[in-house]
$ cat model-v6.tsv   # TSV, C-alpha atoms
chain	number	residue	atom	x	y	z
A	20	MET	CA	170.47	195.72	168.85
A	21	LYS	CA	171.52	198.09	166.09
A	22	TYR	CA	174.97	199.65	165.79
A	23	ILE	CA	176.44	202.43	163.66
A	24	PHE	CA	180.00	202.06	162.36
A	25	GLU	CA	181.23	205.56	161.49
A	26	LEU	CA	183.43	204.81	158.49
A	27	SER	CA	186.53	206.85	157.73
A	28	LYS	CA	185.82	207.54	154.01
A	29	GLU	CA	189.57	207.28	153.31
A	30	HIS	CA	188.64	204.73	150.67
A	31	ASN	CA	185.38	204.01	148.87
A	32	SER	CA	185.18	200.28	149.63
A	33	ILE	CA	187.79	199.11	152.16
A	34	PRO	CA	186.16	200.57	155.33
A	35	LYS	CA	182.88	198.69	154.83
A	36	SER	CA	184.61	195.47	153.75
A	37	GLU	CA	186.90	195.63	156.75
A	38	VAL	CA	183.96	195.81	159.18
A	39	ILE	CA	182.13	192.95	157.46
A	40	SER	CA	185.29	190.82	157.45
A	41	CYS	CA	185.83	191.41	161.17
A	42	LEU	CA	182.23	190.51	161.97
A	43	SER	CA	182.69	187.27	160.07
A	44	ALA	CA	186.05	186.57	161.71
A	45	GLU	CA	184.37	186.89	165.13
A	46	ASN	CA	181.54	184.56	164.00
A	47	ILE	CA	178.92	187.26	164.50
A	48	ASP	CA	175.50	186.97	162.88
A	49	TYR	CA	174.17	190.30	161.65
A	50	ALA	CA	171.85	191.97	159.18
A	51	ILE	CA	172.82	195.13	157.30
A	52	ILE	CA	170.26	197.90	157.85
A	53	GLU	CA	172.00	200.61	155.84
A	54	ASP	CA	175.36	201.10	154.21
A	55	ASN	CA	177.05	203.90	152.34
A	56	GLN	CA	180.49	205.53	152.41
A	57	ASP	CA	179.69	207.29	155.69
A	58	VAL	CA	178.17	204.53	157.79
A	59	LEU	CA	177.46	200.84	158.07
A	60	ILE	CA	174.44	200.11	160.28
A	61	ILE	CA	173.84	196.53	161.41
A	62	ASP	CA	171.37	194.66	163.58
A	63	THR	CA	172.93	191.95	165.75
A	64	ASN	CA	172.57	190.17	169.08
A	65	THR	CA	176.31	189.97	169.69
A	66	SER	CA	178.04	191.05	172.89
A	67	LYS	CA	181.39	191.28	171.06
A	68	ILE	CA	181.13	194.69	169.40
A	69	LYS	CA	184.16	196.00	171.32
A	70	GLU	CA	186.21	193.00	170.17
A	71	VAL	CA	185.32	193.87	166.59
A	72	ALA	CA	186.16	197.55	167.12
A	73	GLU	CA	189.58	196.70	168.55
A	74	ARG	CA	190.52	195.14	165.22
A	75	LEU	CA	189.45	198.00	162.96
A	76	SER	CA	191.57	200.70	161.32
A	77	PHE	CA	189.24	202.41	158.81
A	78	THR	CA	186.45	203.21	161.30
A	79	PHE	CA	186.28	206.10	163.78
A	80	PHE	CA	183.49	205.16	166.22
A	81	VAL	CA	180.97	202.42	166.90
A	82	ASP	CA	177.68	203.67	168.36
A	83	LYS	CA	174.49	202.13	169.62
A	84	PHE	CA	171.95	203.25	167.04
A	85	LEU	CA	169.21	205.64	168.15
A	86	PHE	CA	167.86	206.90	164.82
A	87	SER	CA	168.64	208.29	161.39
A	88	SER	CA	166.70	211.12	159.87
A	89	PRO	CA	166.47	213.55	156.97
A	90	LEU	CA	167.97	216.93	157.79
A	91	SER	CA	164.72	218.70	158.71
A	92	THR	CA	165.04	219.92	162.32
A	93	GLU	CA	161.37	219.18	162.90
A	94	THR	CA	161.85	215.56	161.82
A	95	ILE	CA	165.04	215.26	163.86
A	96	LYS	CA	163.23	216.52	166.96
A	97	LYS	CA	160.37	214.04	166.50
A	98	ASN	CA	162.81	211.15	166.07
A	99	ALA	CA	164.84	212.20	169.10
A	100	ALA	CA	161.70	212.38	171.22
A	101	LYS	CA	160.85	208.80	170.21
A	102	ASN	CA	164.34	207.59	171.14
A	103	ILE	CA	164.94	208.92	174.63
A	104	VAL	CA	168.06	207.76	176.47
A	105	GLU	CA	166.99	205.91	179.61
A	106	LYS	CA	170.43	205.58	181.17
A	107	LYS	CA	171.06	208.03	184.04
A	108	GLY	CA	174.07	210.31	184.25
A	109	SER	CA	175.72	213.32	182.64
A	110	ILE	CA	175.50	213.76	178.90
A	111	ALA	CA	177.27	215.41	175.98
A	112	ILE	CA	176.35	215.80	172.34
A	113	LYS	CA	179.33	215.43	170.02
A	114	TYR	CA	179.05	215.73	166.27
A	115	LYS	CA	180.93	215.33	162.99
A	116	ASN	CA	179.72	217.37	160.04
A	117	ARG	CA	180.73	215.75	156.76
A	118	SER	CA	178.68	218.10	154.62
A	119	LYS	CA	180.03	221.36	153.23
A	120	ASN	CA	176.49	222.59	152.65
A	121	ILE	CA	174.83	221.99	156.01
A	122	ASP	CA	175.05	224.25	159.06
A	123	SER	CA	175.37	221.85	161.98
A	124	ARG	CA	174.50	224.35	164.72
A	125	GLN	CA	170.72	224.09	164.41
A	126	ILE	CA	170.84	220.29	164.28
A	127	VAL	CA	172.95	220.08	167.43
A	128	LYS	CA	170.73	222.64	169.17
A	129	THR	CA	167.63	220.60	168.29
A	130	LEU	CA	169.17	217.42	169.72
A	131	ALA	CA	170.28	219.26	172.85
A	132	GLU	CA	166.70	220.47	173.48
A	133	VAL	CA	165.64	216.83	173.77
A	134	TYR	CA	168.62	214.99	175.21
A	135	THR	CA	170.01	217.49	177.72
A	136	LYS	CA	166.64	218.37	179.26
A	137	ASN	CA	166.80	217.85	183.04
A	138	ARG	CA	170.32	216.43	182.73
A	139	THR	CA	173.81	217.52	183.67
A	140	VAL	CA	175.93	218.40	180.65
A	141	SER	CA	179.58	217.34	180.81
A	142	LEU	CA	181.64	217.88	177.68
A	143	GLU	CA	184.86	216.44	179.11
A	144	LYS	CA	183.86	213.13	180.72
A	145	PRO	CA	180.16	212.50	180.18
A	146	ASP	CA	178.50	209.29	181.33
A	147	ILE	CA	176.67	209.26	178.00
A	148	GLU	CA	178.01	210.62	174.71
A	149	ILE	CA	175.45	211.20	171.97
A	150	ARG	CA	177.26	210.87	168.64
A	151	THR	CA	175.83	212.79	165.68
A	152	LEU	CA	177.09	212.26	162.14
A	153	ILE	CA	175.83	214.81	159.62
A	154	THR	CA	175.97	214.09	155.87
A	155	ASP	CA	174.56	215.84	152.82
A	156	SER	CA	171.26	213.99	153.12
A	157	ASN	CA	170.94	212.50	156.61
A	158	VAL	CA	171.82	212.75	160.25
A	159	TYR	CA	172.80	209.59	162.16
A	160	VAL	CA	172.43	209.63	165.94
A	161	GLY	CA	173.68	207.06	168.42
A	162	ILE	CA	175.25	206.49	171.83
A	163	LYS	CA	178.99	206.03	171.64
A	164	LYS	CA	180.04	202.49	172.52
A	165	THR	CA	183.71	202.71	171.62
A	166	GLU	CA	186.25	204.81	169.73
A	167	ILE	CA	188.98	203.29	167.58
A	168	ASN	CA	192.38	204.58	168.76
A	169	ARG	CA	193.80	205.40	165.34
A	170	SER	CA	196.72	207.34	166.81
A	171	LEU	CA	198.43	203.99	167.48
A	172	PHE	CA	198.75	203.42	163.73
A	173	GLU	CA	200.50	206.77	163.37
A	174	GLU	CA	202.88	205.85	166.18
A	175	ARG	CA	203.82	202.67	164.29
A	176	LYS	CA	204.55	204.42	160.99
A	177	VAL	CA	207.53	203.01	159.13
A	178	GLN	CA	209.91	205.85	159.99
A	179	ASN	CA	209.44	205.12	163.69
A	180	ARG	CA	210.78	201.57	163.38
A	181	PRO	CA	214.43	200.48	163.75
A	182	PHE	CA	214.41	199.15	160.17
A	183	PHE	CA	212.25	200.57	157.40
A	184	SER	CA	211.78	200.94	153.69
A	185	PRO	CA	210.04	203.91	152.05
A	186	ILE	CA	207.75	201.54	150.10
A	187	SER	CA	206.34	199.92	153.25
A	188	LEU	CA	202.58	200.02	153.78
A	189	HIS	CA	201.09	202.42	156.31
A	190	PRO	CA	200.17	200.45	159.47
A	191	LYS	CA	196.52	201.48	159.05
A	192	LEU	CA	196.37	199.86	155.61
A	193	ALA	CA	198.38	196.84	156.73
A	194	ARG	CA	195.87	196.29	159.57
A	195	ALA	CA	192.94	196.55	157.15
A	196	LEU	CA	194.50	193.96	154.83
A	197	VAL	CA	194.94	191.55	157.74
A	198	ASN	CA	191.28	192.07	158.64
A	199	LEU	CA	190.15	191.47	155.06
A	200	SER	CA	191.66	187.99	155.31
A	201	MET	CA	189.10	187.15	158.06
A	202	VAL	CA	191.90	185.62	160.10
A	203	LYS	CA	191.02	184.81	163.72
A	204	LYS	CA	192.97	185.24	166.92
A	205	GLY	CA	195.25	182.22	167.32
A	206	ASP	CA	195.21	181.43	163.58
A	207	ALA	CA	198.40	181.27	161.49
A	208	LEU	CA	199.08	184.03	158.95
A	209	LEU	CA	201.89	184.03	156.38
A	210	ASP	CA	203.47	186.96	154.59
A	211	PRO	CA	205.80	185.39	152.00
A	212	PHE	CA	207.20	188.80	150.94
A	213	CYS	CA	207.41	190.17	154.47
A	214	GLY	CA	209.99	192.90	153.85
A	215	THR	CA	210.22	195.09	156.94
A	216	GLY	CA	207.34	193.25	158.62
A	217	GLY	CA	204.54	195.81	158.59
A	218	ILE	CA	201.79	193.28	157.90
A	219	LEU	CA	203.22	190.83	160.44
A	220	ILE	CA	203.37	193.51	163.15
A	221	GLU	CA	199.68	194.37	162.77
A	222	ALA	CA	198.65	190.71	162.72
A	223	ALA	CA	200.74	189.82	165.77
A	224	LEU	CA	199.30	192.73	167.78
A	225	MET	CA	195.88	191.18	167.14
A	226	GLY	CA	196.92	187.87	168.69
A	227	ILE	CA	197.53	186.07	165.41
A	228	ASN	CA	200.41	183.61	164.97
A	229	ILE	CA	202.72	185.03	162.32
A	230	VAL	CA	205.09	183.51	159.79
A	231	GLY	CA	207.21	185.62	157.45
A	232	SER	CA	209.57	184.85	154.61
A	233	ASP	CA	211.56	186.91	152.16
A	234	ILE	CA	214.15	186.16	149.51
A	235	GLU	CA	216.60	188.66	151.02
A	236	ASP	CA	218.55	187.96	154.21
A	237	LYS	CA	218.75	191.67	155.04
A	238	MET	CA	214.94	191.91	155.04
A	239	ILE	CA	214.61	188.96	157.39
A	240	ASP	CA	217.18	190.51	159.74
A	241	GLY	CA	215.43	193.89	159.59
A	242	CYS	CA	212.00	192.34	160.07
A	243	LYS	CA	213.27	190.55	163.18
A	244	LYS	CA	214.51	193.86	164.60
A	245	ASN	CA	211.08	195.41	164.07
A	246	LEU	CA	209.18	192.51	165.62
A	247	ASP	CA	211.50	192.56	168.63
A	248	TYR	CA	211.09	196.34	168.90
A	249	TYR	CA	207.34	195.87	169.40
A	250	LYS	CA	208.00	193.01	171.87
A	251	ILE	CA	206.34	190.47	169.61
A	252	LYS	CA	207.06	186.87	170.59
A	253	ASN	CA	206.64	183.42	169.05
A	254	TYR	CA	207.07	184.45	165.43
A	255	LYS	CA	208.69	182.41	162.67
A	256	LEU	CA	210.91	184.01	160.01
A	257	PHE	CA	212.97	182.38	157.30
A	258	CYS	CA	214.75	183.33	154.10
A	259	SER	CA	213.14	181.68	151.11
A	260	ASP	CA	212.14	182.03	147.50
A	261	ILE	CA	208.36	181.95	147.05
A	262	GLY	CA	208.73	178.59	145.29
A	263	ASP	CA	210.10	176.90	148.41
A	264	ILE	CA	207.67	178.05	151.10
A	265	ASN	CA	205.48	174.97	150.84
A	266	ASN	CA	208.46	172.81	151.80
A	267	LYS	CA	209.30	174.88	154.87
A	268	LEU	CA	206.05	175.18	156.79
A	269	SER	CA	202.69	173.56	157.30
A	270	LYS	CA	199.39	174.94	155.99
A	271	VAL	CA	198.35	178.41	157.16
A	272	ASP	CA	194.89	179.92	157.74
A	273	ALA	CA	195.58	183.12	155.79
A	274	VAL	CA	198.12	184.75	153.51
A	275	VAL	CA	198.47	188.53	153.44
A	276	THR	CA	201.22	190.06	151.35
A	277	ASP	CA	202.23	192.94	149.10
A	278	LEU	CA	203.99	191.57	146.02
A	279	PRO	CA	207.07	193.33	144.57
A	280	TYR	CA	206.03	196.03	142.13
A	281	GLY	CA	208.74	198.50	141.15
A	282	LYS	CA	212.31	199.41	140.44
A	283	SER	CA	213.10	199.76	144.13
A	284	THR	CA	212.01	196.20	144.90
A	285	THR	CA	214.08	193.10	144.38
A	286	THR	CA	212.96	190.29	142.11
A	287	LYS	CA	216.46	188.85	141.58
A	288	GLY	CA	216.11	189.67	137.89
A	289	GLU	CA	212.95	187.61	137.42
A	290	GLU	CA	210.35	188.92	135.00
A	291	MET	CA	207.41	190.29	137.01
A	292	LYS	CA	204.68	188.24	135.33
A	293	LYS	CA	206.56	185.01	135.94
A	294	LEU	CA	207.13	185.92	139.59
A	295	TYR	CA	203.43	186.66	140.08
A	296	LYS	CA	202.37	183.36	138.48
A	297	ARG	CA	204.72	181.43	140.74
A	298	SER	CA	203.48	183.40	143.75
A	299	PHE	CA	199.82	182.58	143.14
A	300	GLU	CA	200.63	178.90	142.60
A	301	ASN	CA	202.70	178.53	145.77
A	302	ILE	CA	200.39	180.63	147.94
A	303	SER	CA	197.55	178.27	146.98
A	304	LYS	CA	199.69	175.29	148.00
A	305	VAL	CA	200.38	176.59	151.50
A	306	LEU	CA	196.88	177.97	152.16
A	307	LYS	CA	194.28	175.83	153.94
A	308	ASP	CA	191.07	174.97	152.13
A	309	ASP	CA	188.61	177.90	152.36
A	310	GLY	CA	191.46	180.11	153.59
A	311	ARG	CA	191.79	183.65	152.29
A	312	ALA	CA	194.71	185.35	150.59
A	313	VAL	CA	194.86	189.15	150.45
A	314	ILE	CA	197.44	190.18	147.88
A	315	GLY	CA	198.73	193.58	146.82
A	316	LEU	CA	199.49	193.89	143.10
A	317	SER	CA	201.12	196.51	140.89
A	318	ASN	CA	198.81	195.88	137.94
A	319	LYS	CA	195.20	194.73	138.07
A	320	ASP	CA	195.75	192.73	134.88
A	321	MET	CA	197.91	190.40	136.98
A	322	ILE	CA	194.83	189.24	138.88
A	323	SER	CA	193.90	186.94	136.02
A	324	LEU	CA	197.11	184.97	136.60
A	325	ALA	CA	195.61	183.61	139.83
A	326	LYS	CA	192.49	182.09	138.30
A	327	THR	CA	193.83	178.53	138.01
A	328	HIS	CA	194.83	178.47	141.67
A	329	LEU	CA	192.55	180.85	143.61
A	330	SER	CA	189.04	182.30	143.34
A	331	LEU	CA	188.68	186.08	143.33
A	332	ILE	CA	186.22	187.41	145.94
A	333	GLU	CA	186.70	191.16	145.67
A	334	GLN	CA	189.16	193.82	144.59
A	335	HIS	CA	190.08	197.22	146.03
A	336	ASP	CA	191.99	199.83	144.02
A	337	PHE	CA	194.05	202.01	146.34
A	338	ARG	CA	195.67	205.19	145.10
A	339	VAL	CA	198.96	205.60	146.95
A	340	HIS	CA	199.95	208.85	145.22
A	341	ASN	CA	199.57	210.48	141.80
A	342	SER	CA	201.79	208.01	139.98
A	343	LEU	CA	201.01	204.83	141.90
A	344	THR	CA	197.84	202.82	142.41
A	345	ARG	CA	197.94	199.50	144.24
A	346	TYR	CA	195.39	196.77	143.64
A	347	PHE	CA	194.46	194.65	146.62
A	348	ALA	CA	192.74	191.43	145.62
A	349	ILE	CA	191.03	189.06	148.03
A	350	PHE	CA	191.12	185.43	147.01
A	351	LYS	CA	189.73	182.22	148.48
A	352	LYS	CA	191.15	178.78	148.04
$ encode --input "model-v6.tsv" --output "structure tokens"
Amino acid sequence: MKYIFELSKEHNSIPKSEVISCLSAENIDYAIIEDNQDVLIIDTNTSKIKEVAERLSFTFFVDKFLFSSPLSTETIKKNAAKNIVEKKGSIAIKYKNRSKNIDSRQIVKTLAEVYTKNRTVSLEKPDIEIRTLITDSNVYVGIKKTEINRSLFEERKVQNRPFFSPISLHPKLARALVNLSMVKKGDALLDPFCGTGGILIEAALMGINIVGSDIEDKMIDGCKKNLDYYKIKNYKLFCSDIGDINNKLSKVDAVVTDLPYGKSTTTKGEEMKKLYKRSFENISKVLKDDGRAVIGLSNKDMISLAKTHLSLIEQHDFRVHNSLTRYFAIFKK
């Protein structure tokens, strides 16, 4: 069966990589039919699409694929007629127009002529929701399987926590980084620069066993307050320099962290390059063989410091604001 992942386009590469990482984490076999910044379409026999969707943060909807088509209304009508919905019940046609140049009204009207014929239309609670994504060159049509509840990430924004720092990652990005590690439910994930605990919160809410460390006692205390606030249980936190983590815990399945990168972060006076080199070395020591490390960096030139300890898989440049770009590198041991 084919599925459409409606990607958020908030970043040019993370949304697609997040989906692929989640598919792999759930041990799902698939073939990519089409991918671009708007959609990822796969063919798979899995029954676990909703489990994948529950993990995602940079996707809006997952739909059962009906067809894709150039924007000609005649072609759209022919494709719709070939892909009739057999399921009985009320129906609604919902759409998202991502093109500034295309008038969506005629496209939606054309689809309605086919799909609402001899059916009850219910815009509020339809039995079947036909999803239509319109881009500059194509229209993608499918039956909605599930919607990602992205409002939950907004509710967990840093300012809504008992303890926060203005440099903390947005929960949506923290969730994506956890997913990029391909960590599975029940696995152990370490954040050795856990700060206020944003990465740990997202991982724990996915059923992952979390371990956090930080060199500052106040961060460990604040992180604990945040984890308790979200009723997260069975976590492990300890105060430690990055050089000592291997002596304080057993091997972990994944490491996800955002390394210190500015004047407002504490390095205890250590030169940044030296700290990064030590971090890569000690992360590799605590990471299981074939485990993944997803690491946020202040400077992409720092990635080369990891080469003697970890293998680079991919890199995502993420513009935080005009004066700050973060570089998220995915490594494998």
$ atom_distance --input "model-v6.tsv" --atom1 "CA of Arg74 (chain A)" --atom2 "CA of Tyr159 (chain A)"
23.1 Å
$ residues_near_point --input "model-v6.tsv" --point "(175.5, 200.2, 162.8)" --cutoff "7 Å" --atoms "only C-alpha atoms" --output "list in words"
Lys21, Tyr22, Ile23, Phe24, Leu59, Ile60, Ile61, Asp62, Asp82 and Phe84 of chain A
$ residues_near_point --input "model-v6.tsv" --point "(173.8, 195.8, 160.1)" --cutoff "12 Å" --atoms "all atoms listed in the file" --output "PyMOL selection string"
chain A and resi 20-24+35+38-39+42+47-55+58-65+68+81+83-84
$ atom_distance --input "model-v6.tsv" --atom1 "CA of Lys191 (chain A)" --atom2 "CA of Gln334 (chain A)"
17.9 Å
$ atom_distance --input "model-v6.tsv" --atom1 "CA of Leu75 (chain A)" --atom2 "CA of Pro34 (chain A)"
8.7 Å
$ closest_atom_pairs --input "model-v6.tsv" --of "region 42-79 of chain A" --to "region 106-126 of chain A" --cutoff "12 Å" --atoms "all atoms listed in the file" --output "tab-separated table"
residue	atom	partner	partner_atom	distance
A:Gln56	CA	A:Arg117	CA	11.1
A:Asp57	CA	A:Arg117	CA	8.6
A:Val58	CA	A:Arg117	CA	11.6
A:Phe79	CA	A:Lys115	CA	10.7
$ write_last_selection --input "model-v6.tsv" --atoms "C-alpha atoms" --output "PDB file, in the frame of the given file"
ATOM      1  CA  GLN A  56     180.490 205.530 152.410  1.00  0.00           C
ATOM      2  CA  ASP A  57     179.690 207.290 155.690  1.00  0.00           C
ATOM      3  CA  VAL A  58     178.170 204.530 157.790  1.00  0.00           C
ATOM      4  CA  PHE A  79     186.280 206.100 163.780  1.00  0.00           C
TER       5      PHE A  79
END
$ closest_residue --input "model-v6.tsv" --among "A:Ile153, A:Leu294, A:Ile147, A:Ala99" --to "Glu132 (chain A)" --atoms "all atoms listed in the file"
A:Ala99
$ residues_around --input "model-v6.tsv" --residues "Leu130 (chain A)" --least-positions-apart "3" --cutoff "10 Å" --atoms "all atoms listed in the file" --output "list in words"
Thr92, Ile95, Lys96, Lys97, Asn98, Ala99, Ala100, Ile112, Gln125, Ile126, Val127, Val133, Tyr134, Thr135, Lys136, Ile149, Thr151 and Val160 of chain A
$ residues_around --input "model-v6.tsv" --residues "region 300-306 of chain A" --least-positions-apart "6" --cutoff "6 Å" --atoms "all atoms listed in the file" --output "tab-separated table (two decimals) with C-alpha atoms, in the coordinates of the input"
chain	number	residue	atom	x	y	z
A	265	ASN	CA	205.48	174.97	150.84
A	270	LYS	CA	199.39	174.94	155.99
A	271	VAL	CA	198.35	178.41	157.16
A	328	HIS	CA	194.83	178.47	141.67
$ residues_around --input "model-v6.tsv" --residues "region 310-316 of chain A" --least-positions-apart "2" --cutoff "8 Å" --atoms "only C-alpha atoms" --output "PyMOL selection string"
chain A and resi 196-197+199-201+271-280+302+306-308+318-319+321-322+345-352
$ residues_around --input "model-v6.tsv" --residues "Pro190 (chain A)" --least-positions-apart "2" --cutoff "9 Å" --atoms "all atoms listed in the file" --output "list in words"
Ser76, Leu171, Phe172, Glu173, Arg175, Lys176, Val177, Ser187, Leu188, Leu192, Ala193, Arg194, Ala195, Gly217, Ile218, Ile220 and Glu221 of chain A
$ closest_residue --input "model-v6.tsv" --among "A:Ser259, A:Ser156, A:Asn168, A:Ser269" --to "Thr78 (chain A)" --atoms "all atoms listed in the file"
A:Asn168
$ closest_residue --input "model-v6.tsv" --among "A:Asn245, A:Glu289, A:Lys237, A:Ile162" --to "Gln178 (chain A)" --atoms "all atoms listed in the file"
A:Asn245
$ closest_residue --input "model-v6.tsv" --among "A:Val339, A:Ile167, A:Leu324, A:Leu256" --to "Phe299 (chain A)" --atoms "only C-alpha atoms"
A:Leu324
$ residues_around --input "model-v6.tsv" --residues "Gly205 (chain A)" --least-positions-apart "6" --cutoff "8 Å" --atoms "all atoms listed in the file" --output "list of chain:residue names"
A:Gly226, A:Ile227, A:Asn228
$ closest_residue --input "model-v6.tsv" --among "A:Leu246, A:Cys213, A:Ile33, A:Leu90" --to "Asp260 (chain A)" --atoms "all atoms listed in the file"
A:Cys213
